[in-house]
>>> print(open('run-v7.cif').read())   # mmCIF, N, CA and C atoms
data_structure
#
loop_
_atom_site.label_atom_id
_atom_site.label_comp_id
_atom_site.auth_asym_id
_atom_site.auth_seq_id
_atom_site.Cartn_x
_atom_site.Cartn_y
_atom_site.Cartn_z
N MET M 25 0.84 -1.19 0.00
CA MET M 25 0.00 0.00 0.00
C MET M 25 0.88 1.24 0.00
N THR M 26 0.30 2.31 -0.40
CA THR M 26 1.02 3.57 -0.42
C THR M 26 0.32 4.58 0.48
N TRP M 27 0.99 5.67 0.69
CA TRP M 27 0.41 6.76 1.47
C TRP M 27 0.84 8.07 0.83
N GLN M 28 0.24 9.14 1.28
CA GLN M 28 0.48 10.45 0.69
C GLN M 28 1.20 11.35 1.69
N GLU M 29 1.77 12.44 1.18
CA GLU M 29 2.36 13.44 2.06
C GLU M 29 1.95 14.82 1.59
N ILE M 30 1.62 15.66 2.56
CA ILE M 30 1.33 17.06 2.27
C ILE M 30 2.19 17.91 3.20
N SER M 31 2.37 19.17 2.86
CA SER M 31 3.14 20.07 3.71
C SER M 31 2.24 20.68 4.77
N VAL M 32 2.87 21.26 5.77
CA VAL M 32 2.11 21.97 6.81
C VAL M 32 1.28 23.08 6.16
N GLN M 33 1.85 23.73 5.16
CA GLN M 33 1.13 24.82 4.50
C GLN M 33 -0.13 24.31 3.80
N GLU M 34 -0.09 23.09 3.29
CA GLU M 34 -1.26 22.50 2.61
C GLU M 34 -2.28 21.95 3.59
N PHE M 35 -1.85 21.70 4.82
CA PHE M 35 -2.73 21.06 5.81
C PHE M 35 -3.64 22.09 6.45
N SER M 36 -4.92 21.85 6.34
CA SER M 36 -5.92 22.71 6.94
C SER M 36 -6.92 21.83 7.69
N PRO M 37 -6.69 21.65 8.98
CA PRO M 37 -7.57 20.74 9.72
C PRO M 37 -9.00 21.24 9.77
N GLU M 38 -9.88 20.38 9.41
CA GLU M 38 -11.30 20.68 9.46
C GLU M 38 -11.89 19.99 10.67
N LYS M 39 -13.12 20.33 10.96
CA LYS M 39 -13.77 19.85 12.18
C LYS M 39 -13.80 18.32 12.29
N ASP M 40 -14.09 17.63 11.22
CA ASP M 40 -14.32 16.18 11.31
C ASP M 40 -13.16 15.32 10.81
N ILE M 41 -11.96 15.87 10.72
CA ILE M 41 -10.84 15.05 10.26
C ILE M 41 -10.30 14.19 11.39
N VAL M 42 -9.57 13.16 11.01
CA VAL M 42 -8.86 12.33 11.98
C VAL M 42 -7.39 12.71 11.88
N LEU M 43 -6.83 13.19 13.00
CA LEU M 43 -5.43 13.58 13.06
C LEU M 43 -4.78 12.86 14.23
N ILE M 44 -3.79 12.03 13.91
CA ILE M 44 -3.08 11.25 14.92
C ILE M 44 -1.68 11.83 15.09
N ASP M 45 -1.32 12.17 16.31
CA ASP M 45 0.00 12.68 16.66
C ASP M 45 0.79 11.51 17.24
N VAL M 46 1.86 11.11 16.56
CA VAL M 46 2.61 9.92 16.99
C VAL M 46 3.83 10.25 17.85
N ARG M 47 3.93 11.49 18.31
CA ARG M 47 5.02 11.84 19.22
C ARG M 47 4.78 11.21 20.59
N GLU M 48 5.81 11.19 21.40
CA GLU M 48 5.69 10.65 22.74
C GLU M 48 4.78 11.55 23.58
N ILE M 49 4.25 11.00 24.66
CA ILE M 49 3.25 11.68 25.47
C ILE M 49 3.73 13.06 25.95
N ASP M 50 4.97 13.15 26.44
CA ASP M 50 5.47 14.43 26.93
C ASP M 50 5.57 15.48 25.82
N GLU M 51 5.93 15.04 24.62
CA GLU M 51 6.00 15.96 23.49
C GLU M 51 4.60 16.48 23.15
N TYR M 52 3.64 15.56 23.11
CA TYR M 52 2.25 15.90 22.81
C TYR M 52 1.71 16.89 23.83
N GLN M 53 1.94 16.62 25.11
CA GLN M 53 1.42 17.47 26.17
C GLN M 53 2.01 18.88 26.11
N SER M 54 3.23 19.01 25.62
CA SER M 54 3.88 20.33 25.60
C SER M 54 3.35 21.22 24.47
N GLY M 55 2.62 20.65 23.54
CA GLY M 55 1.99 21.45 22.48
C GLY M 55 1.69 20.64 21.25
N HIS M 56 0.41 20.58 20.88
CA HIS M 56 -0.01 19.81 19.71
C HIS M 56 -1.05 20.58 18.90
N ILE M 57 -1.22 20.14 17.66
CA ILE M 57 -2.21 20.73 16.77
C ILE M 57 -3.60 20.46 17.34
N PRO M 58 -4.46 21.48 17.42
CA PRO M 58 -5.81 21.26 17.94
C PRO M 58 -6.52 20.12 17.21
N GLY M 59 -7.10 19.23 17.98
CA GLY M 59 -7.84 18.10 17.44
C GLY M 59 -7.01 16.83 17.29
N ALA M 60 -5.70 16.93 17.46
CA ALA M 60 -4.84 15.76 17.31
C ALA M 60 -5.00 14.82 18.50
N VAL M 61 -5.09 13.54 18.19
CA VAL M 61 -5.17 12.49 19.21
C VAL M 61 -3.80 11.84 19.30
N ASN M 62 -3.33 11.60 20.52
CA ASN M 62 -1.99 11.06 20.72
C ASN M 62 -1.99 9.53 20.75
N VAL M 63 -1.27 8.95 19.80
CA VAL M 63 -0.98 7.51 19.78
C VAL M 63 0.52 7.42 19.46
N PRO M 64 1.38 7.36 20.50
CA PRO M 64 2.83 7.38 20.25
C PRO M 64 3.29 6.26 19.32
N LEU M 65 4.23 6.59 18.46
CA LEU M 65 4.79 5.61 17.54
C LEU M 65 5.32 4.39 18.30
N SER M 66 5.91 4.63 19.45
CA SER M 66 6.48 3.54 20.24
C SER M 66 5.42 2.55 20.72
N ALA M 67 4.15 2.95 20.70
CA ALA M 67 3.06 2.08 21.14
C ALA M 67 2.04 1.82 20.03
N LEU M 68 2.38 2.21 18.81
CA LEU M 68 1.42 2.12 17.71
C LEU M 68 1.01 0.68 17.41
N GLU M 69 1.97 -0.21 17.38
CA GLU M 69 1.67 -1.60 17.05
C GLU M 69 0.63 -2.20 17.99
N GLU M 70 0.69 -1.84 19.27
CA GLU M 70 -0.26 -2.36 20.26
C GLU M 70 -1.59 -1.60 20.24
N ASN M 71 -1.65 -0.49 19.52
CA ASN M 71 -2.82 0.37 19.54
C ASN M 71 -3.44 0.62 18.17
N THR M 72 -3.25 -0.30 17.25
CA THR M 72 -3.80 -0.10 15.91
C THR M 72 -5.33 -0.02 15.93
N SER M 73 -5.96 -0.56 16.95
CA SER M 73 -7.42 -0.49 17.03
C SER M 73 -7.91 0.94 17.24
N GLN M 74 -7.02 1.84 17.67
CA GLN M 74 -7.39 3.25 17.85
C GLN M 74 -7.33 4.04 16.54
N ILE M 75 -6.81 3.41 15.49
CA ILE M 75 -6.65 4.07 14.20
C ILE M 75 -7.79 3.63 13.28
N PRO M 76 -8.52 4.57 12.70
CA PRO M 76 -9.61 4.20 11.80
C PRO M 76 -9.13 3.28 10.67
N THR M 77 -10.01 2.39 10.25
CA THR M 77 -9.67 1.42 9.21
C THR M 77 -10.17 1.85 7.83
N ASN M 78 -10.82 3.00 7.76
CA ASN M 78 -11.23 3.53 6.46
C ASN M 78 -11.27 5.05 6.52
N GLY M 79 -11.35 5.66 5.37
CA GLY M 79 -11.35 7.11 5.29
C GLY M 79 -9.94 7.68 5.32
N LYS M 80 -9.85 8.99 5.36
CA LYS M 80 -8.56 9.68 5.35
C LYS M 80 -8.09 9.88 6.79
N VAL M 81 -6.84 9.50 7.05
CA VAL M 81 -6.25 9.62 8.37
C VAL M 81 -4.95 10.41 8.24
N PHE M 82 -4.90 11.57 8.88
CA PHE M 82 -3.71 12.41 8.85
C PHE M 82 -2.81 12.01 10.01
N MET M 83 -1.50 11.94 9.74
CA MET M 83 -0.51 11.56 10.75
C MET M 83 0.48 12.70 10.89
N VAL M 84 0.87 13.02 12.14
CA VAL M 84 1.81 14.10 12.39
C VAL M 84 2.75 13.72 13.53
N CYS M 85 3.96 14.27 13.47
CA CYS M 85 4.93 14.13 14.57
C CYS M 85 5.64 15.48 14.70
N ARG M 86 6.88 15.49 15.11
CA ARG M 86 7.60 16.76 15.23
C ARG M 86 7.96 17.33 13.87
N SER M 87 8.52 16.47 12.98
CA SER M 87 8.99 16.98 11.69
C SER M 87 8.44 16.24 10.47
N GLY M 88 7.92 15.05 10.68
CA GLY M 88 7.38 14.26 9.57
C GLY M 88 8.01 12.90 9.42
N ALA M 89 9.13 12.64 10.10
CA ALA M 89 9.82 11.35 9.96
C ALA M 89 9.06 10.21 10.66
N ARG M 90 8.73 10.40 11.93
CA ARG M 90 8.02 9.34 12.66
C ARG M 90 6.63 9.11 12.10
N SER M 91 5.96 10.18 11.73
CA SER M 91 4.62 10.02 11.16
C SER M 91 4.69 9.33 9.81
N GLY M 92 5.77 9.53 9.07
CA GLY M 92 5.98 8.80 7.82
C GLY M 92 6.15 7.31 8.08
N ARG M 93 6.90 6.97 9.12
CA ARG M 93 7.06 5.55 9.49
C ARG M 93 5.72 4.96 9.92
N ALA M 94 4.91 5.75 10.62
CA ALA M 94 3.58 5.28 11.03
C ALA M 94 2.70 5.04 9.80
N CYS M 95 2.76 5.93 8.82
CA CYS M 95 2.00 5.75 7.57
C CYS M 95 2.44 4.47 6.87
N ASP M 96 3.76 4.25 6.81
CA ASP M 96 4.30 3.03 6.20
C ASP M 96 3.73 1.79 6.87
N PHE M 97 3.84 1.76 8.18
CA PHE M 97 3.38 0.60 8.96
C PHE M 97 1.88 0.37 8.79
N LEU M 98 1.09 1.41 9.01
CA LEU M 98 -0.36 1.25 8.99
C LEU M 98 -0.89 0.93 7.60
N SER M 99 -0.29 1.50 6.56
CA SER M 99 -0.78 1.26 5.21
C SER M 99 -0.54 -0.17 4.75
N GLN M 100 0.31 -0.90 5.46
CA GLN M 100 0.58 -2.29 5.10
C GLN M 100 -0.27 -3.29 5.88
N LEU M 101 -1.04 -2.81 6.83
CA LEU M 101 -1.88 -3.71 7.61
C LEU M 101 -3.13 -4.10 6.82
N PRO M 102 -3.41 -5.40 6.71
CA PRO M 102 -4.62 -5.82 5.99
C PRO M 102 -5.90 -5.19 6.56
N SER M 103 -5.92 -4.93 7.85
CA SER M 103 -7.11 -4.36 8.49
C SER M 103 -7.32 -2.89 8.12
N HIS M 104 -6.30 -2.23 7.57
CA HIS M 104 -6.39 -0.81 7.30
C HIS M 104 -6.27 -0.47 5.81
N THR M 105 -6.57 -1.43 4.94
CA THR M 105 -6.43 -1.20 3.50
C THR M 105 -7.44 -0.20 2.94
N ASN M 106 -8.51 0.06 3.67
CA ASN M 106 -9.51 1.03 3.18
C ASN M 106 -9.24 2.44 3.68
N ALA M 107 -8.18 2.62 4.44
CA ALA M 107 -7.82 3.95 4.93
C ALA M 107 -6.78 4.56 4.00
N VAL M 108 -6.80 5.87 3.90
CA VAL M 108 -5.79 6.62 3.15
C VAL M 108 -4.99 7.41 4.19
N PHE M 109 -3.73 7.07 4.32
CA PHE M 109 -2.88 7.74 5.30
C PHE M 109 -2.15 8.90 4.65
N VAL M 110 -2.17 10.03 5.35
CA VAL M 110 -1.57 11.26 4.84
C VAL M 110 -0.59 11.79 5.89
N ASN M 111 0.67 11.84 5.53
CA ASN M 111 1.70 12.36 6.42
C ASN M 111 1.76 13.88 6.29
N VAL M 112 1.75 14.59 7.42
CA VAL M 112 1.88 16.04 7.41
C VAL M 112 3.37 16.35 7.54
N GLY M 113 4.03 16.56 6.38
CA GLY M 113 5.45 16.86 6.35
C GLY M 113 5.74 18.21 6.99
N GLY M 114 6.80 18.25 7.76
CA GLY M 114 7.12 19.47 8.50
C GLY M 114 6.61 19.40 9.93
N GLY M 115 5.58 18.58 10.13
CA GLY M 115 5.07 18.27 11.45
C GLY M 115 4.69 19.44 12.33
N THR M 116 4.65 19.15 13.61
CA THR M 116 4.27 20.14 14.60
C THR M 116 5.26 21.30 14.65
N ALA M 117 6.54 21.00 14.43
CA ALA M 117 7.55 22.07 14.41
C ALA M 117 7.24 23.06 13.29
N GLY M 118 6.89 22.56 12.12
CA GLY M 118 6.52 23.42 11.01
C GLY M 118 5.23 24.19 11.28
N TRP M 119 4.29 23.52 11.93
CA TRP M 119 3.02 24.14 12.31
C TRP M 119 3.28 25.34 13.22
N ILE M 120 4.14 25.14 14.22
CA ILE M 120 4.48 26.21 15.16
C ILE M 120 5.24 27.32 14.45
N ALA M 121 6.17 26.96 13.57
CA ALA M 121 6.94 27.96 12.82
C ALA M 121 6.05 28.84 11.96
N GLU M 122 4.91 28.29 11.53
CA GLU M 122 3.94 29.05 10.74
C GLU M 122 3.11 30.00 11.63
N GLY M 123 3.31 29.90 12.95
CA GLY M 123 2.57 30.75 13.87
C GLY M 123 1.16 30.28 14.14
N ARG M 124 0.91 28.99 13.92
CA ARG M 124 -0.44 28.46 14.09
C ARG M 124 -0.65 27.99 15.53
N GLU M 125 -1.90 27.90 15.91
CA GLU M 125 -2.30 27.59 17.28
C GLU M 125 -1.90 26.18 17.71
N VAL M 126 -1.48 26.05 18.95
CA VAL M 126 -1.25 24.75 19.56
C VAL M 126 -2.02 24.67 20.87
N VAL M 127 -2.27 23.44 21.29
CA VAL M 127 -2.97 23.16 22.53
C VAL M 127 -2.01 22.38 23.42
N THR M 128 -2.00 22.66 24.71
CA THR M 128 -1.17 21.91 25.63
C THR M 128 -2.03 20.97 26.47
N GLY M 129 -1.39 19.99 27.09
CA GLY M 129 -2.09 19.05 27.95
C GLY M 129 -2.47 17.77 27.24
N ASP M 130 -3.30 16.98 27.91
CA ASP M 130 -3.70 15.66 27.43
C ASP M 130 -4.83 15.64 26.43
N ASN M 131 -5.68 16.67 26.44
CA ASN M 131 -6.86 16.68 25.61
C ASN M 131 -6.58 17.20 24.20
N PRO M 132 -7.23 16.61 23.19
CA PRO M 132 -7.02 17.04 21.82
C PRO M 132 -7.36 18.51 21.58
N HIS M 133 -8.36 19.05 22.27
CA HIS M 133 -8.81 20.43 22.00
C HIS M 133 -8.45 21.36 23.13
#
>>> encode(input="run-v7.cif", output="structure tokens")
Amino acid sequence: MTWQEISVQEFSPEKDIVLIDVREIDEYQSGHIPGAVNVPLSALEENTSQIPTNGKVFMVCRSGARSGRACDFLSQLPSHTNAVFVNVGGGTAGWIAEGREVVTGDNPH
């Protein structure tokens, strides 16, 4: 399976999108894109049930490397063949550099 990549500039989170932040918990808590749900890459394999199996799923990390690995892994799972994984290149660091809003703490919003 394949996956797609878009830049932070192209990424415009809408109300009903699925956005998974694969950074570690402390990174997520220190500032994340509003609406992002934290599923750390280090625990992704044990938590694939938290990832939708169809539709478009956006993945983000600090810069785009870990979320790219997550896209690779998830797109190869037979259970997730109906999902389209989209890596947000530039990640949260790029999001912050653009001056866009971040949320701190455990909650997505």
>>> residues_near_point(input="run-v7.cif", point="(2.2, 14.7, 17.1)", cutoff="5 Å", atoms="all atoms listed in the file", output="short mmCIF file (atom, residue, chain, number, x, y, z; two decimals) with N, CA and C atoms, keeping the file's coordinate frame")
data_model
loop_
_atom_site.label_atom_id
_atom_site.label_comp_id
_atom_site.auth_asym_id
_atom_site.auth_seq_id
_atom_site.Cartn_x
_atom_site.Cartn_y
_atom_site.Cartn_z
N ASP M 45 -1.32 12.17 16.31
CA ASP M 45 0.00 12.68 16.66
C ASP M 45 0.79 11.51 17.24
N VAL M 46 1.86 11.11 16.56
CA VAL M 46 2.61 9.92 16.99
C VAL M 46 3.83 10.25 17.85
N ARG M 47 3.93 11.49 18.31
CA ARG M 47 5.02 11.84 19.22
C ARG M 47 4.78 11.21 20.59
N VAL M 84 0.87 13.02 12.14
CA VAL M 84 1.81 14.10 12.39
C VAL M 84 2.75 13.72 13.53
N CYS M 85 3.96 14.27 13.47
CA CYS M 85 4.93 14.13 14.57
C CYS M 85 5.64 15.48 14.70
#
>>> select_by_dssp(input="run-v7.cif", residues="chain M", states="strand (DSSP E)", output="VMD selection string")
chain M and resid 28 to 31 42 to 45 61 to 62 78 to 84 106 to 113
>>> atom_distance(input="run-v7.cif", atom1="atom C of Ile75 (chain M)", atom2="atom N of Ser91 (chain M)")
15.3 Å
>>> atom_distance(input="run-v7.cif", atom1="CA of Val110 (chain M)", atom2="CA of Ile44 (chain M)")
10.2 Å
>>> atom_distance(input="run-v7.cif", atom1="CA of Gly118 (chain M)", atom2="atom C of Thr105 (chain M)")
28.6 Å
>>> residues_around(input="run-v7.cif", residues="Gly79 (chain M)", least_positions_apart="4", cutoff="8 Å", atoms="only C-alpha atoms", output="VMD selection string")
chain M and resid 106 to 108
>>> resolve_selection(input="run-v7.cif", expression="the PyMOL selection byres ((chain M and resi 60) around 7)", output="PyMOL selection string")
chain M and resi 42-45+56-59+61-62+131-133
>>> select_by_dssp(input="run-v7.cif", residues="region 33-75 of chain M", states="alpha helix (DSSP H)", output="list in words")
Ile49, Asp50, Glu51, Tyr52, Gln53 and Ser54 of chain M
>>> residues_around(input="run-v7.cif", residues="Ser87 (chain M)", least_positions_apart="5", cutoff="8 Å", atoms="all atoms listed in the file", output="list in words")
Gly92, Val112, Gly113, Gly114, Gly115, Thr116, Ala117 and Gly118 of chain M
